[in-house]
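Text of protein-v3.pdb (PDB, C-alpha atoms, pLDDT in the B column) as supplied:
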MODEL        1
ATOM      1  CA  MET A   1      70.966 -86.800 -79.811  1.00 54.00           C
ATOM      2  CA  LYS A   2      68.395 -85.116 -77.589  1.00 58.00           C
ATOM      3  CA  LYS A   3      66.019 -87.470 -75.754  1.00 66.00           C
ATOM      4  CA  LEU A   4      62.422 -86.893 -76.789  1.00 86.00           C
ATOM      5  CA  GLU A   5      60.222 -85.771 -73.931  1.00 94.00           C
ATOM      6  CA  ASN A   6      56.999 -87.528 -73.012  1.00 97.00           C
ATOM      7  CA  ASN A   7      55.085 -84.731 -71.334  1.00 98.00           C
ATOM      8  CA  TYR A   8      51.324 -84.518 -70.906  1.00 98.00           C
ATOM      9  CA  ALA A   9      49.208 -81.369 -70.885  1.00 98.00           C
ATOM     10  CA  PHE A  10      46.145 -80.985 -68.686  1.00 98.00           C
ATOM     11  CA  ILE A  11      44.035 -78.091 -69.953  1.00 98.00           C
ATOM     12  CA  ASP A  12      41.215 -76.267 -68.175  1.00 96.00           C
ATOM     13  CA  SER A  13      39.343 -75.332 -71.374  1.00 94.00           C
ATOM     14  CA  GLN A  14      36.857 -72.961 -69.742  1.00 91.00           C
ATOM     15  CA  ASN A  15      39.610 -70.966 -68.057  1.00 93.00           C
ATOM     16  CA  VAL A  16      41.656 -70.845 -71.261  1.00 96.00           C
ATOM     17  CA  ASN A  17      38.698 -69.781 -73.422  1.00 92.00           C
ATOM     18  CA  LEU A  18      37.420 -67.049 -71.108  1.00 92.00           C
ATOM     19  CA  SER A  19      40.909 -65.717 -70.344  1.00 94.00           C
ATOM     20  CA  VAL A  20      42.023 -65.523 -73.970  1.00 95.00           C
ATOM     21  CA  GLN A  21      38.716 -63.953 -75.026  1.00 94.00           C
ATOM     22  CA  SER A  22      39.151 -61.321 -72.298  1.00 94.00           C
ATOM     23  CA  LEU A  23      42.365 -60.371 -74.120  1.00 94.00           C
ATOM     24  CA  GLY A  24      40.357 -59.761 -77.291  1.00 93.00           C
ATOM     25  CA  TRP A  25      41.208 -62.819 -79.358  1.00 94.00           C
ATOM     26  CA  LYS A  26      40.142 -66.410 -79.921  1.00 94.00           C
ATOM     27  CA  LEU A  27      42.450 -69.402 -79.568  1.00 96.00           C
ATOM     28  CA  ASP A  28      43.085 -71.669 -82.547  1.00 95.00           C
ATOM     29  CA  PHE A  29      43.109 -75.013 -80.765  1.00 96.00           C
ATOM     30  CA  ALA A  30      44.763 -76.883 -83.652  1.00 95.00           C
ATOM     31  CA  ARG A  31      47.686 -74.451 -83.619  1.00 96.00           C
ATOM     32  CA  PHE A  32      47.746 -74.588 -79.812  1.00 97.00           C
ATOM     33  CA  ARG A  33      48.138 -78.383 -79.924  1.00 98.00           C
ATOM     34  CA  VAL A  34      51.146 -78.053 -82.256  1.00 97.00           C
ATOM     35  CA  TYR A  35      52.600 -75.363 -79.983  1.00 97.00           C
ATOM     36  CA  LEU A  36      52.319 -77.638 -76.925  1.00 98.00           C
ATOM     37  CA  ALA A  37      54.128 -80.423 -78.764  1.00 97.00           C
ATOM     38  CA  GLU A  38      56.910 -78.217 -80.103  1.00 96.00           C
ATOM     39  CA  LYS A  39      57.465 -75.975 -77.077  1.00 97.00           C
ATOM     40  CA  TYR A  40      56.891 -78.408 -74.192  1.00 97.00           C
ATOM     41  CA  GLY A  41      57.289 -81.893 -75.686  1.00 97.00           C
ATOM     42  CA  VAL A  42      53.614 -82.716 -75.082  1.00 98.00           C
ATOM     43  CA  THR A  43      52.703 -86.135 -76.477  1.00 98.00           C
ATOM     44  CA  LYS A  44      49.189 -86.253 -74.967  1.00 98.00           C
ATOM     45  CA  ALA A  45      46.966 -83.261 -74.310  1.00 98.00           C
ATOM     46  CA  PHE A  46      43.895 -83.751 -72.130  1.00 98.00           C
ATOM     47  CA  LEU A  47      41.266 -81.065 -72.612  1.00 98.00           C
ATOM     48  CA  PHE A  48      38.671 -80.829 -69.832  1.00 96.00           C
ATOM     49  CA  ILE A  49      35.415 -79.456 -71.139  1.00 94.00           C
ATOM     50  CA  GLY A  50      31.767 -79.314 -70.148  1.00 89.00           C
ATOM     51  CA  TYR A  51      29.585 -81.385 -72.455  1.00 90.00           C
ATOM     52  CA  VAL A  52      26.827 -79.404 -74.160  1.00 87.00           C
ATOM     53  CA  GLU A  53      24.386 -81.188 -76.465  1.00 86.00           C
ATOM     54  CA  GLY A  54      24.730 -79.879 -80.010  1.00 89.00           C
ATOM     55  CA  ASN A  55      28.450 -79.060 -79.822  1.00 92.00           C
ATOM     56  CA  ASN A  56      29.520 -82.337 -81.429  1.00 92.00           C
ATOM     57  CA  ASP A  57      31.254 -80.596 -84.363  1.00 94.00           C
ATOM     58  CA  LEU A  58      33.387 -78.643 -81.890  1.00 94.00           C
ATOM     59  CA  TYR A  59      34.284 -81.791 -79.963  1.00 96.00           C
ATOM     60  CA  MET A  60      35.155 -83.662 -83.151  1.00 96.00           C
ATOM     61  CA  SER A  61      37.386 -80.815 -84.340  1.00 96.00           C
ATOM     62  CA  LEU A  62      39.191 -80.726 -80.985  1.00 97.00           C
ATOM     63  CA  GLN A  63      39.787 -84.472 -81.164  1.00 97.00           C
ATOM     64  CA  ALA A  64      40.937 -84.180 -84.783  1.00 96.00           C
ATOM     65  CA  ALA A  65      43.448 -81.542 -83.639  1.00 96.00           C
ATOM     66  CA  GLY A  66      44.943 -84.102 -81.246  1.00 97.00           C
ATOM     67  CA  PHE A  67      43.220 -83.393 -77.950  1.00 98.00           C
ATOM     68  CA  ILE A  68      41.858 -86.082 -75.683  1.00 98.00           C
ATOM     69  CA  CYS A  69      38.563 -84.572 -74.580  1.00 96.00           C
ATOM     70  CA  VAL A  70      37.421 -85.346 -71.054  1.00 96.00           C
ATOM     71  CA  PHE A  71      33.792 -84.361 -70.747  1.00 94.00           C
ATOM     72  CA  LYS A  72      31.922 -83.207 -67.690  1.00 88.00           C
ATOM     73  CA  PRO A  73      28.123 -83.113 -67.686  1.00 86.00           C
ATOM     74  CA  THR A  74      26.868 -79.544 -67.506  1.00 83.00           C
ATOM     75  CA  LEU A  75      24.020 -77.992 -65.563  1.00 81.00           C
ATOM     76  CA  ALA A  76      21.766 -75.380 -67.148  1.00 80.00           C
ATOM     77  CA  TYR A  77      20.573 -72.731 -64.716  1.00 81.00           C
ATOM     78  CA  LYS A  78      17.339 -70.700 -64.821  1.00 83.00           C
ATOM     79  CA  ASP A  79      19.276 -67.535 -65.647  1.00 84.00           C
ATOM     80  CA  GLY A  80      20.446 -69.156 -68.910  1.00 74.00           C
ATOM     81  CA  THR A  81      24.015 -69.888 -67.824  1.00 74.00           C
ATOM     82  CA  THR A  82      25.585 -73.308 -68.120  1.00 73.00           C
ATOM     83  CA  LYS A  83      28.135 -74.692 -65.683  1.00 72.00           C
ATOM     84  CA  GLY A  84      30.425 -77.673 -66.040  1.00 73.00           C
ATOM     85  CA  ASN A  85      33.298 -77.333 -63.588  1.00 79.00           C
ATOM     86  CA  CYS A  86      36.044 -79.802 -64.558  1.00 87.00           C
ATOM     87  CA  ASP A  87      38.585 -79.083 -61.805  1.00 91.00           C
ATOM     88  CA  ALA A  88      38.249 -82.421 -60.006  1.00 93.00           C
ATOM     89  CA  GLU A  89      38.443 -84.331 -63.298  1.00 94.00           C
ATOM     90  CA  LEU A  90      41.647 -82.552 -64.288  1.00 97.00           C
ATOM     91  CA  VAL A  91      43.346 -83.300 -60.971  1.00 97.00           C
ATOM     92  CA  LEU A  92      42.182 -86.916 -61.004  1.00 97.00           C
ATOM     93  CA  GLN A  93      43.351 -87.476 -64.601  1.00 97.00           C
ATOM     94  CA  ALA A  94      46.748 -85.926 -63.844  1.00 98.00           C
ATOM     95  CA  MET A  95      47.176 -88.419 -61.005  1.00 98.00           C
ATOM     96  CA  ILE A  96      45.832 -91.408 -62.972  1.00 98.00           C
ATOM     97  CA  GLU A  97      48.345 -90.632 -65.735  1.00 98.00           C
ATOM     98  CA  TYR A  98      51.166 -89.767 -63.278  1.00 98.00           C
ATOM     99  CA  PRO A  99      53.327 -92.858 -63.994  1.00 98.00           C
ATOM    100  CA  ASN A 100      52.914 -92.443 -67.766  1.00 98.00           C
ATOM    101  CA  TYR A 101      54.443 -88.994 -68.317  1.00 98.00           C
ATOM    102  CA  ASP A 102      57.812 -87.403 -67.661  1.00 98.00           C
ATOM    103  CA  LYS A 103      56.388 -84.016 -66.710  1.00 98.00           C
ATOM    104  CA  ALA A 104      53.036 -82.244 -66.739  1.00 98.00           C
ATOM    105  CA  VAL A 105      52.038 -78.951 -68.305  1.00 98.00           C
ATOM    106  CA  ILE A 106      49.050 -77.499 -66.460  1.00 98.00           C
ATOM    107  CA  VAL A 107      47.156 -74.941 -68.561  1.00 98.00           C
ATOM    108  CA  THR A 108      45.025 -72.672 -66.375  1.00 97.00           C
ATOM    109  CA  GLY A 109      45.038 -69.517 -64.304  1.00 96.00           C
ATOM    110  CA  ASP A 110      42.751 -71.047 -61.673  1.00 96.00           C
ATOM    111  CA  GLY A 111      44.078 -71.265 -58.111  1.00 96.00           C
ATOM    112  CA  ASP A 112      42.033 -74.401 -57.482  1.00 95.00           C
ATOM    113  CA  PHE A 113      44.956 -76.277 -59.043  1.00 97.00           C
ATOM    114  CA  TYR A 114      47.475 -74.971 -56.501  1.00 97.00           C
ATOM    115  CA  CYS A 115      47.659 -78.318 -54.653  1.00 97.00           C
ATOM    116  CA  LEU A 116      48.244 -80.262 -57.885  1.00 98.00           C
ATOM    117  CA  VAL A 117      50.948 -77.877 -59.084  1.00 98.00           C
ATOM    118  CA  LYS A 118      52.624 -77.949 -55.663  1.00 98.00           C
ATOM    119  CA  TYR A 119      52.610 -81.764 -55.593  1.00 98.00           C
ATOM    120  CA  LEU A 120      53.979 -82.063 -59.129  1.00 98.00           C
ATOM    121  CA  LEU A 121      56.690 -79.501 -58.378  1.00 97.00           C
ATOM    122  CA  GLU A 122      57.729 -81.277 -55.165  1.00 97.00           C
ATOM    123  CA  HIS A 123      58.066 -84.552 -57.107  1.00 98.00           C
ATOM    124  CA  SER A 124      59.925 -83.047 -60.091  1.00 98.00           C
ATOM    125  CA  LYS A 125      56.988 -83.795 -62.390  1.00 98.00           C
ATOM    126  CA  LEU A 126      56.038 -80.219 -63.332  1.00 98.00           C
ATOM    127  CA  LYS A 127      57.197 -78.921 -66.689  1.00 98.00           C
ATOM    128  CA  ARG A 128      55.285 -75.638 -66.593  1.00 97.00           C
ATOM    129  CA  VAL A 129      52.082 -73.884 -65.602  1.00 98.00           C
ATOM    130  CA  LEU A 130      50.859 -72.142 -68.725  1.00 98.00           C
ATOM    131  CA  ILE A 131      48.579 -69.267 -67.765  1.00 97.00           C
ATOM    132  CA  PRO A 132      46.284 -67.749 -70.399  1.00 97.00           C
ATOM    133  CA  ASN A 133      46.254 -64.165 -69.073  1.00 96.00           C
ATOM    134  CA  ILE A 134      49.098 -62.583 -67.088  1.00 95.00           C
ATOM    135  CA  PHE A 135      46.740 -59.801 -65.967  1.00 95.00           C
ATOM    136  CA  LYS A 136      44.111 -62.092 -64.488  1.00 94.00           C
ATOM    137  CA  TYR A 137      45.150 -65.244 -62.650  1.00 96.00           C
ATOM    138  CA  SER A 138      45.060 -66.585 -59.115  1.00 96.00           C
ATOM    139  CA  ALA A 139      47.359 -65.180 -56.454  1.00 95.00           C
ATOM    140  CA  LEU A 140      47.877 -68.775 -55.313  1.00 96.00           C
ATOM    141  CA  LEU A 141      49.672 -69.576 -58.561  1.00 97.00           C
ATOM    142  CA  LYS A 142      51.832 -66.469 -58.174  1.00 95.00           C
ATOM    143  CA  LYS A 143      53.410 -68.181 -55.144  1.00 95.00           C
ATOM    144  CA  PHE A 144      55.345 -70.490 -57.482  1.00 95.00           C
ATOM    145  CA  GLY A 145      57.289 -67.629 -59.013  1.00 88.00           C
ATOM    146  CA  LYS A 146      57.882 -66.774 -62.637  1.00 88.00           C
ATOM    147  CA  SER A 147      60.362 -69.640 -63.140  1.00 92.00           C
ATOM    148  CA  GLN A 148      57.463 -72.143 -63.076  1.00 96.00           C
ATOM    149  CA  LEU A 149      54.969 -69.989 -64.973  1.00 97.00           C
ATOM    150  CA  SER A 150      54.559 -69.027 -68.616  1.00 96.00           C
ATOM    151  CA  PHE A 151      51.871 -66.841 -70.125  1.00 96.00           C
ATOM    152  CA  MET A 152      49.866 -66.913 -73.338  1.00 96.00           C
ATOM    153  CA  ASN A 153      49.489 -63.131 -73.692  1.00 93.00           C
ATOM    154  CA  ASP A 154      52.298 -62.821 -76.229  1.00 89.00           C
ATOM    155  CA  LEU A 155      51.136 -65.819 -78.269  1.00 94.00           C
ATOM    156  CA  LYS A 156      48.302 -64.051 -80.118  1.00 91.00           C
ATOM    157  CA  GLU A 157      50.312 -63.801 -83.345  1.00 91.00           C
ATOM    158  CA  LYS A 158      51.139 -67.506 -83.187  1.00 94.00           C
ATOM    159  CA  LEU A 159      47.889 -68.963 -81.840  1.00 94.00           C
ATOM    160  CA  GLU A 160      45.014 -66.674 -82.771  1.00 90.00           C
ATOM    161  CA  TYR A 161      42.156 -68.261 -84.675  1.00 91.00           C
ATOM    162  CA  LYS A 162      41.813 -66.671 -88.088  1.00 86.00           C
ATOM    163  CA  LYS A 163      38.647 -67.404 -90.004  1.00 78.00           C
ATOM    164  CA  LYS A 164      39.452 -69.279 -93.181  1.00 70.00           C
ATOM    165  CA  ARG A 165      38.567 -67.366 -96.313  1.00 60.00           C
ATOM    166  CA  THR A 166      36.405 -69.021 -98.900  1.00 61.00           C
ATOM    167  CA  PRO A 167      37.624 -68.510-102.495  1.00 60.00           C
TER
ENDMDL
END
What is this structure when it is put down as structure tokens?
Amino acid sequence: MKKLENNYAFIDSQNVNLSVQSLGWKLDFARFRVYLAEKYGVTKAFLFIGYVEGNNDLYMSLQAAGFICVFKPTLAYKDGTTKGNCDAELVLQAMIEYPNYDKAVIVTGDGDFYCLVKYLLEHSKLKRVLIPNIFKYSALLKKFGKSQLSFMNDLKEKLEYKKKRTP
């Protein structure tokens, strides 16, 4: 009998959202959570997201889908943009949880996570870096080679959000 894995996912939601949208589709987070469990043995999935007042329905749906949302306060700029960089929170949470998981799945294309990925790899705690867009990700992550990296480009059929039809 195969031993069940106890892997945790650490997801840079902003990077995932923008990268997948640049490919012309929208991610169905509920289906993505199932995919992480089935493909990578993920028992806990931490989703790092900037907190924006009024998005409570979104946050509740993400939690209902099985994500543990880790919120970062956002800053609204004069030009209308909002920023809530969660990089430090993701790295910190991965290290806080370090003794609790077998391996980590890091979901991002951002090179700011190079040091975390390198550390996890050196300590045999990296399951995979799952990159949203093979055409647009950091050269720093490319240093790990394709054996450590997987890409979401070919997952559109499996993970694309499809608006539910009303009868």
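Picture a line from atom CA of Tyr114 of chain A to atom CA of Leu140 of chain A; it runs 6.3 Å.
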Notebook entry, point to check: On this structure, which residues satisfy the PyMOL selection byres ((chain A and resi 67-69) around 9), written as a PyMOL selection string?
Noted result: chain A and resi 29-30+33+44-49+59+62-66+70-71
Item checked: Residue nearest Ser150 of chain A - candidates A:Gly84, A:Thr74, A:Lys39, A:Asp112, atoms counted: only C-alpha atoms ->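 Closest residue, counting only C-alpha atoms: A:Lys39.
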Let me have the centre and edge lengths of the axis-aligned box enclosing all listed atoms of segment 42-51 of chain A with 5 Å padding on every side, in Å to one decimal, as JSON.
{"center_x": 41.6, "center_y": -82.8, "center_z": -73.2, "size_x": 34.0, "size_y": 16.9, "size_z": 16.6}
Check: How many Å separate atom CA of Thr108 of chain A from atom CA of Ile131 of chain A?
Finding: 5.1 Å
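As for atom CA of Tyr35 of chain A and atom CA of Met60 of chain A, they are spaced 19.6 Å apart.
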Check: With only C-alpha atoms as the basis for distance, which of A:Gln93, A:Ser124, A:Asn85, A:Ser138 is at the shortest distance from Gln14 of chain A?
Finding: A:Asn85
Item checked: Result set, the PyMOL selection byres ((chain A and resi 120) around 10) on current file, as a PyMOL selection string -> chain A and resi 94-95+98+103-106+114-119+121-128
Item checked: Residues near Gly24 of chain A, cut-off 12 Å, only C-alpha atoms, skip fewer than 4 positions along chain, as a ChimeraX atom specification -> /A:17-20,133,153,156,160-161
Check: Between A:Glu157, A:Glu38, A:Glu89, A:Asp28, which has the minimum distance to Ser61 of chain A (counting all atoms listed in the file)?
Finding: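 Using all atoms listed in the file, the shortest distance to Ser61 of chain A belongs to A:Asp28.
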Margin query: Please list as number ranges by chain every residue within 8 Å of Pro73 of chain A, counting all atoms listed in the file and excluding residues in the same chain fewer than 4 positions away.
Written below: A: 50-52, 84
Grab the residues selected above and save them as a PDB file, in the coordinates of the input with C-alpha atoms.
ATOM      1  CA  GLY A  50      31.767 -79.314 -70.148  1.00 89.00           C
ATOM      2  CA  TYR A  51      29.585 -81.385 -72.455  1.00 90.00           C
ATOM      3  CA  VAL A  52      26.827 -79.404 -74.160  1.00 87.00           C
ATOM      4  CA  GLY A  84      30.425 -77.673 -66.040  1.00 73.00           C
TER       5      GLY A  84
END
Checklist line | A:Phe10, A:Tyr40, A:Trp25, A:Phe113 ranked by distance to Leu155 of chain A, top pick (using all atoms listed in the file) | finding: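 The closest residue to Leu155 of chain A is A:Trp25.
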Please write as a PDB file with C-alpha atoms, keeping the file's coordinate frame the full residue list that the PyMOL selection byres ((chain A and resi 101) around 6) yields on this file.
ATOM      1  CA  ASN A   6      56.999 -87.528 -73.012  1.00 97.00           C
ATOM      2  CA  ASN A   7      55.085 -84.731 -71.334  1.00 98.00           C
ATOM      3  CA  PRO A  99      53.327 -92.858 -63.994  1.00 98.00           C
ATOM      4  CA  ASN A 100      52.914 -92.443 -67.766  1.00 98.00           C
ATOM      5  CA  ASP A 102      57.812 -87.403 -67.661  1.00 98.00           C
ATOM      6  CA  LYS A 103      56.388 -84.016 -66.710  1.00 98.00           C
TER       7      LYS A 103
END
Margin query: I'd like the neighbourhood of Glu5 of chain A as a PyMOL selection string, where a residue qualifies if any of its atoms comes within 8 Å (using only C-alpha atoms), though same-chain residues fewer than 4 positions away should be ignored.
Written below: chain A and resi 41-43+102
